[in-house]
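Chemist: For reference, the file run.txt (compact mmCIF, C-alpha atoms) is included below:
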```txt
# COMPACT_ATOMS: atom_id res chain seq x y z
CA MET A 730 0.00 0.00 0.00
CA ALA A 731 1.52 3.31 -1.08
CA ILE A 732 2.15 6.13 1.35
CA ARG A 733 -0.52 8.82 1.10
CA LEU A 734 0.36 12.46 1.69
CA VAL A 735 -2.51 14.88 2.23
CA GLY A 736 -1.57 18.44 1.25
CA TYR A 737 -0.67 20.92 -1.47
CA SER A 738 2.81 20.30 -2.85
CA PHE A 739 3.62 24.03 -2.84
CA SER A 740 2.88 24.39 0.88
CA GLY A 741 6.21 24.65 2.78
CA PRO A 742 5.60 21.88 5.32
CA VAL A 743 4.21 19.53 2.65
CA LEU A 744 7.20 20.26 0.40
CA ARG A 745 9.51 19.37 3.26
CA VAL A 746 7.95 15.89 3.42
CA ILE A 747 7.99 15.51 -0.37
CA ILE A 748 11.75 16.21 -0.43
CA CYS A 749 12.25 13.63 2.30
CA LEU A 750 10.15 11.00 0.48
CA LYS A 751 12.09 11.57 -2.73
CA GLU A 752 15.46 11.49 -0.95
CA LEU A 753 14.59 8.12 0.58
CA GLY A 754 13.30 6.79 -2.75
CA LEU A 755 9.81 6.23 -1.35
CA PRO A 756 6.81 6.06 -3.66
CA TYR A 757 3.79 8.04 -2.51
CA GLU A 758 0.47 9.47 -3.62
CA LEU A 759 -0.28 13.14 -3.10
CA GLU A 760 -3.87 13.95 -2.11
CA PRO A 761 -4.54 17.68 -2.33
CA PRO A 762 -7.48 18.74 -0.12
CA ALA A 763 -10.56 20.25 -1.80
CA SER A 764 -9.57 23.72 -0.51
CA TYR A 765 -7.83 25.46 2.40
CA GLN A 766 -11.30 25.91 3.90
CA SER A 767 -11.82 22.15 3.99
CA LEU A 768 -9.01 21.80 6.54
CA LYS A 769 -11.28 23.41 9.10
CA ASP A 770 -14.18 21.01 8.46
CA GLU A 771 -15.16 18.83 11.41
CA ASP A 772 -14.40 15.72 9.41
CA TYR A 773 -10.83 16.85 8.64
CA ILE A 774 -10.23 17.85 12.24
CA ALA A 775 -11.59 14.56 13.57
CA ASN A 776 -9.92 12.24 11.06
CA LYS A 777 -6.86 14.03 9.80
CA HIS A 778 -5.36 16.87 11.86
CA PRO A 779 -6.85 18.11 15.16
CA PHE A 780 -5.50 21.62 14.52
CA GLY A 781 -6.72 21.68 10.89
CA LYS A 782 -3.28 21.74 9.22
CA MET A 783 -1.36 19.95 6.51
CA PRO A 784 0.49 17.73 5.78
CA VAL A 785 -0.95 14.49 7.09
CA LEU A 786 0.72 11.23 6.12
CA PHE A 787 -0.92 7.82 6.02
CA ASP A 788 1.34 4.75 5.94
CA GLY A 789 -1.24 1.99 5.68
CA ASP A 790 -3.44 2.54 8.74
CA PHE A 791 -0.84 4.60 10.53
CA ARG A 792 -1.52 8.33 10.52
CA ILE A 793 1.02 11.00 11.50
CA THR A 794 1.03 14.79 11.28
CA GLU A 795 3.55 17.66 11.43
CA SER A 796 6.24 17.75 8.73
CA ARG A 797 9.34 17.30 10.88
CA PRO A 798 7.97 14.32 12.89
CA ILE A 799 6.70 12.83 9.62
CA CYS A 800 10.21 13.11 8.13
CA ARG A 801 11.81 11.66 11.21
CA TYR A 802 9.34 8.75 11.16
CA LEU A 803 10.06 8.09 7.48
CA VAL A 804 13.80 8.09 8.18
CA SER A 805 13.43 5.75 11.19
CA LYS A 806 11.37 3.31 9.22
CA TYR A 807 12.73 3.50 5.68
CA GLN A 808 16.27 4.94 5.70
CA GLY A 809 18.51 2.49 3.85
CA LYS A 810 15.61 0.38 2.56
CA HIS A 811 15.22 1.85 -0.95
CA ASN A 812 18.62 3.51 -1.38
CA ASP A 813 21.77 4.52 0.55
CA THR A 814 20.79 8.07 1.42
CA ILE A 815 21.39 8.92 5.06
CA LEU A 816 19.24 11.73 6.42
CA ILE A 817 19.80 11.05 10.12
CA PRO A 818 23.14 9.43 11.01
CA ASN A 819 23.09 6.26 13.10
CA ASP A 820 25.62 7.62 15.58
CA VAL A 821 23.74 9.06 18.59
CA HIS A 822 26.02 12.11 18.89
CA LYS A 823 25.80 13.04 15.21
CA ALA A 824 22.03 12.44 15.23
CA GLY A 825 21.79 14.76 18.25
CA LEU A 826 23.49 17.54 16.31
CA VAL A 827 21.20 17.06 13.29
CA ASP A 828 18.33 17.45 15.73
CA GLN A 829 19.92 20.58 17.16
CA PHE A 830 20.22 22.12 13.68
CA ILE A 831 16.58 21.25 12.95
CA SER A 832 15.72 23.14 16.14
CA TYR A 833 17.83 26.14 15.04
CA GLU A 834 15.84 26.22 11.82
CA LEU A 835 12.55 26.08 13.67
CA SER A 836 13.47 28.59 16.40
CA TYR A 837 15.66 31.16 14.64
CA TYR A 838 15.71 30.78 10.85
CA ASP A 839 12.05 30.16 10.15
CA PRO A 840 10.37 33.04 12.06
CA PRO A 841 11.85 35.98 10.09
CA LEU A 842 11.71 33.93 6.89
CA SER A 843 8.02 33.18 7.45
CA LYS A 844 7.35 36.89 7.99
CA LEU A 845 8.99 37.68 4.65
CA LEU A 846 7.17 34.79 2.98
CA TYR A 847 3.86 36.07 4.31
CA GLN A 848 4.49 39.63 3.14
CA GLU A 849 5.92 38.80 -0.27
CA LYS A 850 3.92 35.76 -1.33
CA ILE A 851 0.87 35.17 0.77
CA ALA A 852 -0.59 38.56 1.76
CA LYS A 853 -1.35 39.79 -1.75
CA ARG A 854 -2.08 36.52 -3.52
CA PHE A 855 -4.22 34.80 -0.93
CA LEU A 856 -5.46 37.51 1.41
CA ASN A 857 -5.65 40.64 -0.77
CA LYS A 858 -3.49 42.65 1.62
CA ASP A 859 -0.60 44.90 0.59
CA PRO A 860 2.87 43.97 1.85
CA ASP A 861 3.93 46.06 4.87
CA PRO A 862 7.35 47.66 4.20
CA GLU A 863 8.11 48.10 7.91
CA VAL A 864 7.56 44.40 8.65
CA ILE A 865 9.66 43.49 5.61
CA LYS A 866 12.50 45.74 6.81
CA GLN A 867 12.48 44.26 10.32
CA ALA A 868 12.24 40.69 9.02
CA ARG A 869 15.18 41.30 6.68
CA GLU A 870 17.29 42.65 9.55
CA GLU A 871 16.42 39.69 11.74
CA LEU A 872 17.12 37.19 8.95
CA ALA A 873 20.42 38.91 8.14
CA LYS A 874 21.60 38.32 11.74
CA VAL A 875 20.51 34.67 11.56
CA LEU A 876 22.30 34.16 8.25
CA ASP A 877 25.44 35.69 9.77
CA VAL A 878 25.31 32.87 12.32
CA TYR A 879 24.68 30.29 9.58
CA GLU A 880 27.67 31.70 7.67
CA LYS A 881 29.88 30.83 10.66
CA LEU A 882 28.16 27.47 11.24
CA LEU A 883 28.91 26.49 7.62
CA GLU A 884 32.61 27.51 7.80
CA GLY A 885 34.65 24.62 6.43
CA LYS A 886 31.52 22.53 5.90
CA GLU A 887 29.37 21.67 2.91
CA TYR A 888 26.29 21.04 5.01
CA LEU A 889 25.16 22.07 8.51
CA ASN A 890 26.34 18.86 10.15
CA GLY A 891 29.16 18.21 7.70
CA GLU A 892 27.31 15.53 5.71
CA TYR A 893 23.93 16.21 4.10
CA SER A 894 21.06 15.55 6.50
CA LEU A 895 17.46 16.30 7.41
CA ALA A 896 18.76 19.54 8.96
CA ASP A 897 19.53 20.85 5.45
CA ILE A 898 16.15 19.78 4.06
CA ALA A 899 14.18 21.58 6.77
CA PRO A 900 14.91 25.17 5.62
CA CYS A 901 14.51 24.43 1.88
CA PRO A 902 10.87 25.22 1.16
CA SER A 903 10.63 28.69 2.71
CA THR A 904 14.13 29.59 1.49
CA TYR A 905 13.11 28.66 -2.05
CA TYR A 906 10.12 30.97 -1.99
CA VAL A 907 11.80 33.96 -0.41
CA TYR A 908 15.09 33.61 -2.32
CA GLY A 909 13.07 33.41 -5.49
CA THR A 910 11.60 36.88 -4.97
CA VAL A 911 14.92 38.36 -6.18
CA THR A 912 14.58 41.37 -3.87
CA HIS A 913 15.83 39.19 -1.00
CA SER A 914 18.24 36.76 -2.66
CA ASP A 915 21.07 39.11 -1.66
CA LEU A 916 20.68 37.94 1.95
CA TRP A 917 21.99 34.51 0.94
CA ASP A 918 24.18 35.55 -2.00
CA ASN A 919 26.23 38.05 0.02
CA ARG A 920 27.45 35.31 2.33
CA PRO A 921 29.77 32.89 0.50
CA ASN A 922 29.26 29.82 2.73
CA VAL A 923 25.49 30.29 2.82
CA LYS A 924 25.39 30.94 -0.94
CA ASN A 925 27.35 27.79 -1.74
CA TRP A 926 25.23 25.75 0.68
CA TRP A 927 22.01 26.94 -0.92
CA ASN A 928 23.36 26.23 -4.42
CA ARG A 929 24.36 22.73 -3.39
CA LEU A 930 20.88 22.09 -2.03
CA CYS A 931 19.19 23.41 -5.18
CA ASN A 932 21.28 21.01 -7.25
CA ARG A 933 20.31 17.86 -5.41
CA ASP A 934 18.00 15.73 -7.58
CA ALA A 935 15.35 15.17 -4.95
CA ILE A 936 15.21 18.85 -4.03
CA LYS A 937 15.27 20.02 -7.65
CA LYS A 938 12.42 17.68 -8.59
CA SER A 939 10.36 18.60 -5.53
CA LEU A 940 10.73 22.33 -6.14
CA GLU A 941 9.77 21.92 -9.81
CA GLU A 942 6.70 19.95 -8.81
CA ALA A 943 5.71 22.66 -6.31
CA LYS A 944 6.29 25.43 -8.84
CA SER A 945 4.12 23.85 -11.52
CA PHE A 946 1.36 23.06 -9.03
CA LEU A 947 1.38 26.67 -7.76
CA GLU A 948 1.30 28.09 -11.28
CA ASN A 949 -1.74 26.01 -12.17
CA TYR A 950 -3.45 26.49 -8.85
CA GLU A 951 -6.43 28.79 -9.02
CA ASN A 952 -8.88 27.87 -6.34
CA VAL A 953 -7.99 28.20 -2.67
CA MET B 654 32.39 12.54 33.72
CA THR B 655 29.11 14.06 34.85
CA ILE B 656 26.75 15.73 32.46
CA LYS B 657 26.82 19.52 32.75
CA VAL B 658 23.81 21.74 32.00
CA ILE B 659 24.33 25.46 31.43
CA GLY B 660 21.06 27.19 32.26
CA PHE B 661 18.77 28.75 34.82
CA ALA B 662 16.61 26.38 36.85
CA ARG B 663 13.73 28.87 36.63
CA SER B 664 13.79 28.93 32.81
CA THR B 665 11.15 26.74 31.16
CA ASN B 666 13.62 25.48 28.55
CA THR B 667 16.17 24.49 31.20
CA LEU B 668 13.42 22.91 33.33
CA ARG B 669 12.50 20.74 30.36
CA VAL B 670 16.03 19.30 30.30
CA ILE B 671 16.30 18.99 34.09
CA SER B 672 12.99 17.08 34.19
CA CYS B 673 14.23 14.74 31.47
CA LEU B 674 17.51 14.09 33.33
CA ASN B 675 15.53 13.42 36.53
CA GLU B 676 13.07 11.12 34.75
CA LEU B 677 15.91 9.04 33.31
CA GLY B 678 17.81 9.04 36.62
CA ILE B 679 20.89 10.63 35.05
CA PRO B 680 23.23 12.52 37.40
CA TYR B 681 24.15 16.03 36.30
CA GLN B 682 25.48 19.39 37.44
CA LEU B 683 23.64 22.62 36.76
CA GLU B 684 25.84 25.63 36.00
CA PRO B 685 23.82 28.83 35.86
CA PRO B 686 25.45 31.62 33.81
CA ALA B 687 26.30 34.84 35.73
CA ASP B 688 23.09 36.45 34.42
CA PHE B 689 21.04 36.81 31.22
CA ALA B 690 23.48 39.38 29.83
CA ALA B 691 26.30 36.83 30.00
CA ILE B 692 24.68 34.59 27.37
CA LYS B 693 24.78 37.39 24.78
CA LYS B 694 28.52 38.01 25.15
CA ASP B 695 30.93 37.11 22.34
CA ASP B 696 32.59 34.35 24.35
CA TYR B 697 29.28 32.58 25.03
CA LEU B 698 28.17 32.96 21.41
CA ALA B 699 31.46 31.57 20.13
CA LYS B 700 31.79 28.64 22.54
CA LYS B 701 28.35 27.73 23.82
CA HIS B 702 25.33 28.79 21.78
CA PRO B 703 25.63 30.78 18.54
CA PHE B 704 22.21 32.35 19.12
CA GLY B 705 22.89 33.20 22.78
CA LYS B 706 20.39 30.84 24.37
CA ILE B 707 20.12 28.37 27.23
CA PRO B 708 20.24 25.49 27.95
CA VAL B 709 23.45 23.99 26.60
CA LEU B 710 24.43 20.48 27.64
CA TYR B 711 27.91 18.98 27.85
CA ASP B 712 28.32 15.22 27.92
CA GLY B 713 32.08 14.93 28.27
CA ASP B 714 33.45 16.81 25.26
CA TYR B 715 30.18 16.60 23.39
CA LYS B 716 28.14 19.79 23.33
CA ILE B 717 24.48 20.06 22.27
CA SER B 718 21.95 22.88 22.51
CA GLU B 719 18.17 23.35 22.10
CA SER B 720 16.13 21.77 24.90
CA ARG B 721 14.05 19.34 22.83
CA ALA B 722 17.10 18.16 20.81
CA ILE B 723 19.03 17.75 24.08
CA CYS B 724 16.25 15.63 25.60
CA ARG B 725 15.97 13.44 22.52
CA TYR B 726 19.72 12.87 22.65
CA LEU B 727 19.55 11.96 26.35
CA VAL B 728 16.78 9.46 25.63
CA SER B 729 18.67 7.91 22.69
CA LYS B 730 21.81 7.49 24.72
CA TYR B 731 20.62 6.82 28.26
CA GLN B 732 17.05 5.53 28.26
CA GLY B 733 17.05 2.27 30.18
CA LYS B 734 20.59 2.72 31.51
CA TYR B 735 19.77 4.12 34.96
CA ASN B 736 16.13 3.03 35.37
CA ASN B 737 13.18 1.60 33.44
CA THR B 738 11.51 4.88 32.48
CA ILE B 739 10.56 5.01 28.81
CA LEU B 740 10.29 8.51 27.39
CA ILE B 741 10.36 7.55 23.71
CA PRO B 742 8.98 4.10 22.86
CA HIS B 743 11.09 1.74 20.78
CA ASP B 744 8.32 1.02 18.29
CA VAL B 745 8.82 3.29 15.27
CA HIS B 746 5.10 4.13 14.99
CA GLU B 747 4.66 4.96 18.69
CA ALA B 748 7.88 7.01 18.60
CA GLY B 749 6.52 8.86 15.55
CA LEU B 750 3.36 9.77 17.45
CA VAL B 751 5.34 10.96 20.50
CA ASP B 752 7.33 13.15 18.11
CA GLN B 753 4.08 14.48 16.65
CA PHE B 754 2.82 15.43 20.12
CA ILE B 755 6.16 17.10 20.87
CA PHE B 756 5.57 19.27 17.81
CA TYR B 757 2.01 20.07 18.87
CA GLU B 758 3.59 21.33 22.11
CA SER B 759 6.16 23.45 20.32
CA PHE B 760 3.83 24.90 17.62
CA TYR B 761 0.43 25.25 19.17
CA TYR B 762 0.87 25.18 22.95
CA GLU B 763 4.22 26.67 23.98
CA PRO B 764 4.16 29.90 21.90
CA VAL B 765 0.80 30.82 23.40
CA VAL B 766 1.79 29.99 26.99
CA ALA B 767 5.14 31.79 26.49
CA LYS B 768 3.30 35.01 25.51
CA ILE B 769 1.23 34.82 28.69
CA ILE B 770 4.34 34.21 30.81
CA ILE B 771 6.19 37.13 29.20
CA HIS B 772 3.33 39.58 29.58
CA GLU B 773 2.09 38.55 33.00
CA ILE B 774 5.30 37.63 34.78
CA VAL B 775 8.20 39.29 32.96
CA LEU B 776 6.72 42.54 31.62
CA LYS B 777 3.98 42.62 34.26
CA THR B 778 1.35 43.77 31.73
CA PRO B 779 -1.38 41.17 32.16
CA GLU B 780 -4.00 43.50 30.68
CA SER B 781 -2.16 43.89 27.37
CA GLU B 782 -3.96 42.96 24.16
CA ILE B 783 -1.34 40.32 23.42
CA ALA B 784 -1.86 38.61 26.80
CA LYS B 785 -5.65 38.68 26.43
CA ARG B 786 -5.51 37.24 22.92
CA ALA B 787 -3.04 34.59 24.04
CA LEU B 788 -5.43 33.49 26.78
CA LYS B 789 -8.22 33.10 24.23
CA ASP B 790 -5.87 31.10 21.99
CA LEU B 791 -4.81 28.91 24.91
CA ASP B 792 -8.45 28.22 25.66
CA LYS B 793 -8.93 26.91 22.12
CA VAL B 794 -5.74 24.85 22.24
CA LEU B 795 -6.74 23.23 25.52
CA GLY B 796 -10.09 22.41 23.92
CA VAL B 797 -8.20 20.35 21.33
CA TYR B 798 -6.05 18.76 24.01
CA ASP B 799 -9.12 17.70 25.97
CA LYS B 800 -10.24 15.68 22.93
CA LEU B 801 -6.72 14.30 22.33
CA LEU B 802 -6.68 13.03 25.92
CA GLU B 803 -10.12 11.36 25.72
CA GLY B 804 -9.79 7.84 27.12
CA LYS B 805 -6.08 8.31 27.72
CA GLU B 806 -3.93 9.13 30.74
CA TYR B 807 -1.22 10.69 28.59
CA LEU B 808 -1.05 12.10 25.06
CA ASN B 809 0.22 8.87 23.53
CA GLY B 810 -1.43 6.56 26.07
CA GLU B 811 1.74 5.94 28.11
CA PHE B 812 3.77 8.77 29.70
CA SER B 813 6.35 10.11 27.24
CA LEU B 814 8.68 12.98 26.48
CA ALA B 815 5.73 14.79 24.87
CA ASP B 816 3.85 15.01 28.20
CA LEU B 817 7.01 16.02 30.06
CA PHE B 818 7.53 18.98 27.71
CA HIS B 819 4.13 20.46 28.47
CA TYR B 820 4.47 20.89 32.19
CA PRO B 821 7.26 23.46 32.81
CA CYS B 822 5.50 26.43 31.20
CA ALA B 823 2.09 25.38 32.55
CA HIS B 824 3.62 25.53 36.02
CA PHE B 825 4.27 29.27 35.78
CA ILE B 826 0.76 30.35 34.87
CA TYR B 827 -1.44 27.60 36.28
CA SER B 828 -2.21 29.33 39.55
CA SER B 829 -3.45 32.54 37.87
CA HIS B 830 -5.48 30.69 35.22
CA ALA B 831 -6.41 27.39 36.84
CA ASP B 832 -9.91 27.63 35.42
CA LEU B 833 -8.63 27.31 31.85
CA TRP B 834 -7.11 23.93 32.55
CA ASP B 835 -9.50 22.72 35.21
CA LYS B 836 -12.71 23.28 33.27
CA ARG B 837 -11.61 20.49 30.96
CA PRO B 838 -11.82 17.18 32.82
CA ASN B 839 -9.21 15.28 30.76
CA VAL B 840 -6.72 18.15 30.77
CA LYS B 841 -7.22 18.70 34.52
CA LYS B 842 -6.45 15.07 35.37
CA TRP B 843 -3.50 15.00 32.97
CA LEU B 844 -1.93 18.11 34.45
CA ASN B 845 -2.39 16.70 37.93
CA ARG B 846 -0.60 13.50 36.96
CA LEU B 847 2.29 15.53 35.50
CA ARG B 848 2.76 17.78 38.54
CA ASN B 849 2.79 14.76 40.85
CA ARG B 850 5.61 12.96 39.11
CA ASP B 851 8.68 12.53 41.33
CA ALA B 852 11.02 13.81 38.64
CA TRP B 853 9.04 17.04 38.29
CA LYS B 854 8.99 17.55 42.05
CA ALA B 855 12.77 17.14 42.10
CA SER B 856 13.10 19.69 39.28
CA LEU B 857 10.95 22.13 41.22
CA GLU B 858 13.13 21.72 44.29
CA LYS B 859 16.12 22.64 42.16
CA LYS B 860 14.33 25.71 40.86
CA ASN B 861 13.30 26.83 44.30
CA LYS B 862 16.76 26.32 45.80
CA LEU B 863 18.59 28.39 43.20
```
Written as structure tokens, that's how I'd like the structure from this file.

Modeler:
Amino acid sequence: MAIRLVGYSFSGPVLRVIICLKELGLPYELEPPASYQSLKDEDYIANKHPFGKMPVLFDGDFRITESRPICRYLVSKYQGKHNDTILIPNDVHKAGLVDQFISYELSYYDPPLSKLLYQEKIAKRFLNKDPDPEVIKQAREELAKVLDVYEKLLEGKEYLNGEYSLADIAPCPSTYYVYGTVTHSDLWDNRPNVKNWWNRLCNRDAIKKSLEEAKSFLENYENV
Amino acid sequence: MTIKVIGFARSTNTLRVISCLNELGIPYQLEPPADFAAIKKDDYLAKKHPFGKIPVLYDGDYKISESRAICRYLVSKYQGKYNNTILIPHDVHEAGLVDQFIFYESFYYEPVVAKIIIHEIVLKTPESEIAKRALKDLDKVLGVYDKLLEGKEYLNGEFSLADLFHYPCAHFIYSSHADLWDKRPNVKKWLNRLRNRDAWKASLEKKNKL
């Protein structure tokens, strides 16, 4: 029975899981919901996600929510089964550091990035609100400080924990959207380690394919 | 060599790690920094936490930061070594669900409780719009939790790391908002179970001593 992933492929958290599935060589079926509204239906809340969010993954009868736990579950169960890709190292100390970097992404990298994402991509297109220049300015300043830290973290390394891992996948979706707005790509491009890291990520097959899939879905997507 | 935790016993993030160490029966030393300013200094940023945060844990030469990552590491390495307490089940599906509940805590529960703590206890502005809105949000979140706990003693049935993570910040605002938790029968019983755990009581003693 194939893995089922409920969500829109262009949604950041869903994209995170799609990258992970592709990296591990796992076949899956994507089930886009009828609309964003449908996530708040009683049926969705009762049977899919109690907080009305996506993605939700079904592996046979097993249901799990939240992109990072979903990825970790997929790694625990399937890493090494379909190919040799290692997303979480077996060594407990190295795995701990991958976890730490995932937490950095969640706690420090994602908040200003999400603010920029909201202003540049979501406000106008989905909510008919104009971007707020003051929020954009503050978010840029905050993200610049975070990327200064990432620049040091990546010194002498190709990936956050040395080898490629789940910690590098986690920031991909939002980075892709904000970097792609051109007005903010300088934040990454002005920092050589960060720039090279992002380029490396964009050139990985699984990430490239996932981003292309998301892009084409978003371009054709009319009804939210 | 004993495990060393850099942090303040009264900080919710540090309390999370202390509770985990206590639950697993792992001996440790707590080293509070001089003050909150000390964790923003260049030396701390360079050697301990690049974002100037606590806690940071040293296990011999190994250093790891971020409370939930630290706890997961402690479980991976030490679960079952000092006692029989299971914080993350071995079964991959059960472990996945514990992880899911840990994320519910960090996305939906903690940010809301943290706002209330900051406005009521740190800034002392309990009447602020942010605090009021956070209380309404917490009410909704606890409504979801009451359903999640239906027919269960703990979020994933058995006590796990996910339940442990919820208690430290609840502790700080429970007494001023007991009604929010207590009006929901499943949440009320769950919280009571958590506050009565020996490991939590030991963590509280640490907090009150320092």

Chemist: Find the residues in chain B near chain A: any atom within 6 Å counts, using only C-alpha atoms. Write them as a list of chain:residue names.

Modeler: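 Matching residues, ligands excluded from the count: B:Glu719, B:Ala722, B:Tyr726, B:Gly749, B:Asp752, B:Gln753.
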
Chemist: Env of range 864-866 of chain A: 8 Å cut, atoms = only C-alpha atoms, seq-sep filter 2 positions within chain, self excluded. Answer as a ChimeraX atom specification.

Modeler: /A:844-845,848,860-862,868-870

Chemist: Could you please give me, as a PyMOL selection string, the residues of protein, DNA or RNA lying at most 7 Å from (3.2, 40.9, 0.7) in the coordinate frame of the file, considering all atoms listed in the file?

Modeler: chain A and resi 847-853+858-861

Chemist: With a distance cut-off of 7 Å and all atoms listed in the file, select the neighbouring residues of range 794-801 of chain B, excluding the residue or stretch itself and same-chain residues fewer than 4 positions from it, and output the selection as a PyMOL selection string.

Modeler: (chain A and resi 779) or (chain B and resi 761-762+790+808+837+839-840)

Chemist: With only C-alpha atoms as the basis for distance, which of B:Ile739, B:Leu788, B:Leu698, B:Trp853 is at the shortest distance from Ala831 in chain B?

Modeler: B:Leu788

Chemist: So that I can check the surroundings of Trp927 in chain A, please list as a PyMOL selection string every protein, DNA and RNA residue that reaches within 10 Å of it, counting only C-alpha atoms and ignoring chain neighbours fewer than 6 positions away.

Modeler: chain A and resi 887-888+897+900-901+904-905+908+917-918+921

Chemist: Mind checking which residues fall within 8 Å of Pro708 in chain B, counting all atoms listed in the file, ignoring those fewer than 4 positions away in the same chain, and posting them as a list in words?

Modeler: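 Residues meeting the cut-off are Val658, Ile659, Gly660, Phe661, Asn666, Thr667, Val670, Ser718, Glu719 and Ser720 of chain B.
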
Chemist: Quick one: residues within 10 Å of Ser759 in chain B, only C-alpha atoms, excluding same-chain residues fewer than 3 positions away - as a PDB file with C-alpha atoms, keeping the file's coordinate frame?

Modeler:
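And here's around02.pdb as it stands now:
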```
ATOM      1  CA  LEU A 835      12.550  26.080  13.670  1.00  0.00           C
ATOM      2  CA  SER A 836      13.470  28.590  16.400  1.00  0.00           C
TER       3      SER A 836
ATOM      4  CA  ARG B 721      14.050  19.340  22.830  1.00  0.00           C
ATOM      5  CA  GLN B 753       4.080  14.480  16.650  1.00  0.00           C
ATOM      6  CA  PHE B 754       2.820  15.430  20.120  1.00  0.00           C
ATOM      7  CA  ILE B 755       6.160  17.100  20.870  1.00  0.00           C
ATOM      8  CA  PHE B 756       5.570  19.270  17.810  1.00  0.00           C
ATOM      9  CA  TYR B 762       0.870  25.180  22.950  1.00  0.00           C
ATOM     10  CA  GLU B 763       4.220  26.670  23.980  1.00  0.00           C
ATOM     11  CA  PRO B 764       4.160  29.900  21.900  1.00  0.00           C
ATOM     12  CA  VAL B 765       0.800  30.820  23.400  1.00  0.00           C
ATOM     13  CA  ALA B 815       5.730  14.790  24.870  1.00  0.00           C
ATOM     14  CA  PHE B 818       7.530  18.980  27.710  1.00  0.00           C
ATOM     15  CA  HIS B 819       4.130  20.460  28.470  1.00  0.00           C
TER      16      HIS B 819
END
```

Chemist: In terms of the shortest atom-to-atom distance over only C-alpha atoms, which of A:Arg733, A:Leu759, A:Gly885, A:Pro742 is closest to Glu942 in chain A?

Modeler: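 Looking only at the distances to Glu942 in chain A, the closest residue turns out to be A:Leu759.
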
Chemist: What is the CA of Lys805 in chain B to CA of Pro838 in chain B distance in Å?

Modeler: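 Spanning CA of Lys805 in chain B to CA of Pro838 in chain B is a straight-line distance of 11.7 Å.
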
Chemist: Calculate, to one decimal in Å, the centre and edge lengths of the box along x, y and z of the file that holds all listed atoms of range 658-669 of chain B with 8 Å of margin on each side, and present them as JSON.

Modeler:
```
{"center_x": 17.7, "center_y": 24.8, "center_z": 32.7, "size_x": 29.2, "size_y": 24.2, "size_z": 24.3}
```

Chemist: Calculate how many Å separate CA of His811 in chain A from CA of Pro756 in chain A, rounding to one decimal.

Modeler: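 Answer for the CA of His811 in chain A to CA of Pro756 in chain A separation: 9.8 Å.
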
Chemist: I'd like the interatomic distance between CA of Ala852 in chain B and CA of Lys657 in chain B, to a tenth of an Å.

Modeler: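 According to the coordinates, CA of Ala852 in chain B and CA of Lys657 in chain B are separated by 17.8 Å.
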
Chemist: Check the smallest atom-to-atom distance from each of B:Lys768, B:Lys694, B:Lys862, B:Arg850 to Ile826 in chain B using only C-alpha atoms, then report the winner.

Modeler: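 When distances to Ile826 in chain B are compared using only C-alpha atoms, the smallest one comes from B:Lys768.
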
Chemist: Hey, which of A:Leu744, A:Cys931, A:Val785, A:Leu755 ends up closest to Leu947 in chain A? Count only C-alpha atoms.

Modeler: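 Ranking A:Leu744, A:Cys931, A:Val785, A:Leu755 by distance to Leu947 in chain A, first place goes to A:Leu744.
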
Chemist: Rebuild range 904-910 of chain A to N, CA, C and O atoms - output it as a PDB file, in the coordinates of the input, please.

Modeler:
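part_32.pdb, written as the output of this step:
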```pdb
ATOM      1  N   THR A 904      12.981  28.912   2.108  1.00  0.00           N
ATOM      2  CA  THR A 904      14.130  29.590   1.490  1.00  0.00           C
ATOM      3  C   THR A 904      13.866  29.721  -0.008  1.00  0.00           C
ATOM      4  O   THR A 904      14.079  30.787  -0.598  1.00  0.00           O
ATOM      5  N   TYR A 905      13.390  28.656  -0.613  1.00  0.00           N
ATOM      6  CA  TYR A 905      13.110  28.660  -2.050  1.00  0.00           C
ATOM      7  C   TYR A 905      12.153  29.782  -2.424  1.00  0.00           C
ATOM      8  O   TYR A 905      12.376  30.510  -3.392  1.00  0.00           O
ATOM      9  N   TYR A 906      11.111  29.955  -1.649  1.00  0.00           N
ATOM     10  CA  TYR A 906      10.120  30.970  -1.990  1.00  0.00           C
ATOM     11  C   TYR A 906      10.640  32.381  -1.789  1.00  0.00           C
ATOM     12  O   TYR A 906      10.419  33.264  -2.598  1.00  0.00           O
ATOM     13  N   VAL A 907      11.344  32.599  -0.696  1.00  0.00           N
ATOM     14  CA  VAL A 907      11.800  33.960  -0.410  1.00  0.00           C
ATOM     15  C   VAL A 907      13.009  34.322  -1.280  1.00  0.00           C
ATOM     16  O   VAL A 907      13.103  35.421  -1.817  1.00  0.00           O
ATOM     17  N   TYR A 908      13.928  33.380  -1.469  1.00  0.00           N
ATOM     18  CA  TYR A 908      15.090  33.610  -2.320  1.00  0.00           C
ATOM     19  C   TYR A 908      14.630  33.947  -3.723  1.00  0.00           C
ATOM     20  O   TYR A 908      15.173  34.813  -4.398  1.00  0.00           O
ATOM     21  N   GLY A 909      13.576  33.234  -4.130  1.00  0.00           N
ATOM     22  CA  GLY A 909      13.070  33.410  -5.490  1.00  0.00           C
ATOM     23  C   GLY A 909      12.408  34.751  -5.745  1.00  0.00           C
ATOM     24  O   GLY A 909      12.083  35.062  -6.885  1.00  0.00           O
ATOM     25  N   THR A 910      12.209  35.569  -4.715  1.00  0.00           N
ATOM     26  CA  THR A 910      11.600  36.880  -4.970  1.00  0.00           C
ATOM     27  C   THR A 910      12.619  37.904  -5.432  1.00  0.00           C
ATOM     28  O   THR A 910      12.309  39.072  -5.552  1.00  0.00           O
TER      29      THR A 910
END
```
